[in-house]
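This is work-v6.txt. It holds compact mmCIF, C-alpha atoms.
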# COMPACT_ATOMS: atom_id res chain seq x y z
CA MET A 297 145.52 77.81 63.60
CA ALA A 298 147.80 80.86 63.75
CA ARG A 299 144.97 83.05 62.45
CA LEU A 300 142.70 81.79 65.21
CA ARG A 301 145.33 82.62 67.87
CA LEU A 302 145.85 86.05 66.37
CA HIS A 303 142.11 86.65 66.32
CA GLU A 304 141.81 85.55 69.97
CA GLU A 305 144.69 87.80 70.98
CA ILE A 306 143.08 90.76 69.21
CA MET A 307 139.79 90.03 70.97
CA ARG A 308 141.55 89.88 74.37
CA GLU A 309 143.28 93.20 73.69
CA ARG A 310 139.99 94.82 72.70
CA GLU A 311 138.28 93.45 75.78
CA GLN A 312 141.08 94.82 77.99
CA GLU A 313 140.89 98.22 76.30
CA ILE A 314 137.13 98.29 76.83
CA ARG A 315 137.67 97.48 80.52
CA ASN A 316 140.24 100.28 80.77
CA ILE A 317 137.84 102.74 79.13
CA ASN A 318 135.06 101.66 81.46
CA LYS A 319 137.35 102.06 84.49
CA GLY A 320 138.35 105.53 83.26
CA MET A 321 134.71 106.52 82.84
CA HIS A 322 133.97 105.46 86.41
CA THR A 323 136.93 107.50 87.62
CA VAL A 324 135.73 110.58 85.74
CA ASN A 325 132.24 110.06 87.16
CA GLU A 326 133.63 109.99 90.71
CA ILE A 327 135.62 113.17 90.02
CA TYR A 328 132.45 114.95 88.86
CA LYS A 329 130.61 113.79 91.99
CA ASP A 330 133.43 115.08 94.19
CA LEU A 331 133.45 118.42 92.37
CA ALA A 332 129.68 118.76 92.76
CA HIS A 333 130.04 118.14 96.49
CA ILE A 334 132.85 120.71 96.81
CA VAL A 335 130.92 123.33 94.83
CA GLY A 336 127.83 122.71 96.95
CA GLY A 337 129.85 123.27 100.11
CA GLN A 338 131.37 126.44 98.73
CA GLN A 339 127.93 127.77 97.81
CA GLU A 340 126.86 127.47 101.45
CA GLN A 341 129.93 129.46 102.50
CA ILE A 342 129.27 132.10 99.84
CA ASP A 343 125.68 132.43 101.06
CA GLN A 344 126.93 132.90 104.64
CA ILE A 345 129.41 135.57 103.53
CA GLU A 346 126.70 137.34 101.57
CA GLY A 347 124.45 137.36 104.65
CA GLN A 348 127.27 138.73 106.81
CA MET A 349 127.96 141.46 104.25
CA GLU A 350 124.31 142.48 104.29
CA ASP A 351 124.36 142.59 108.11
CA ALA A 352 127.54 144.71 108.04
CA ARG A 353 125.99 147.13 105.54
CA SER A 354 122.88 147.45 107.69
CA ASN A 355 124.97 148.04 110.81
CA ALA A 356 127.08 150.66 109.00
CA GLU A 357 123.95 152.49 107.83
CA SER A 358 122.55 152.41 111.36
CA GLY A 359 125.83 153.72 112.77
CA LEU A 360 125.94 156.52 110.21
CA SER A 361 122.39 157.51 111.10
CA GLN A 362 123.27 157.64 114.81
CA VAL A 363 126.37 159.75 114.12
CA GLN A 364 124.32 162.16 111.99
CA LYS A 365 121.72 162.49 114.77
CA ALA A 366 124.42 163.10 117.36
CA ASN A 367 126.01 165.73 115.10
CA GLU A 368 122.66 167.49 114.64
CA LYS A 369 122.07 167.55 118.40
CA TYR A 370 125.55 168.88 118.96
CA ASN A 371 125.13 171.61 116.33
CA ASN A 372 121.67 172.57 117.65
CA SER A 373 122.66 172.74 121.30
CA ASN A 374 123.53 175.98 122.98
CA CYS A 375 126.85 174.77 124.15
CA ILE A 376 128.97 177.30 126.01
CA ILE A 377 132.17 175.56 125.07
CA CYS A 378 131.35 175.77 121.35

With the file now loaded, output its structure as structure tokens.
Amino acid sequence: MARLRLHEEIMREREQEIRNINKGMHTVNEIYKDLAHIVGGQQEQIDQIEGQMEDARSNAESGLSQVQKANEKYNNSNCIIC
């Protein structure tokens, strides 16, 4: 009789441990889902920043070109004040 009770107690403990492991696995799964969502959101922000950097580079190149043209016109003019 005592052996049967011991066996039942061991089985209950194992069952509880399996439930705890299963619960932990679900928790880890939820964490991975949350991380995937966060990373996805960050990727959108990174893409936006990259686009803004490309626009800034293009604007800087355009500005440099305009300054160079203005400088050439200034140097080529017959300015009395020069």

As a check of understanding: the span from CA of Arg299 (chain A) to CA of Asn316 (chain A) is 25.6 Å

Write out as AutoDock Vina command-line options an axis-aligned box for region 322-341 of chain A: all of its atoms listed in the file, 4 Å added on each side, centre and edge lengths in Å with one decimal.
--center_x 131.9 --center_y 117.5 --center_z 94.1 --size_x 18.1 --size_y 32.0 --size_z 24.8

State, in Å with one decimal place, the distance from CA of Gly359 (chain A) to CA of Ile342 (chain A). 25.4 Å

CA of Gly337 (chain A) and CA of Ala352 (chain A), how far apart in Å? 23.0 Å
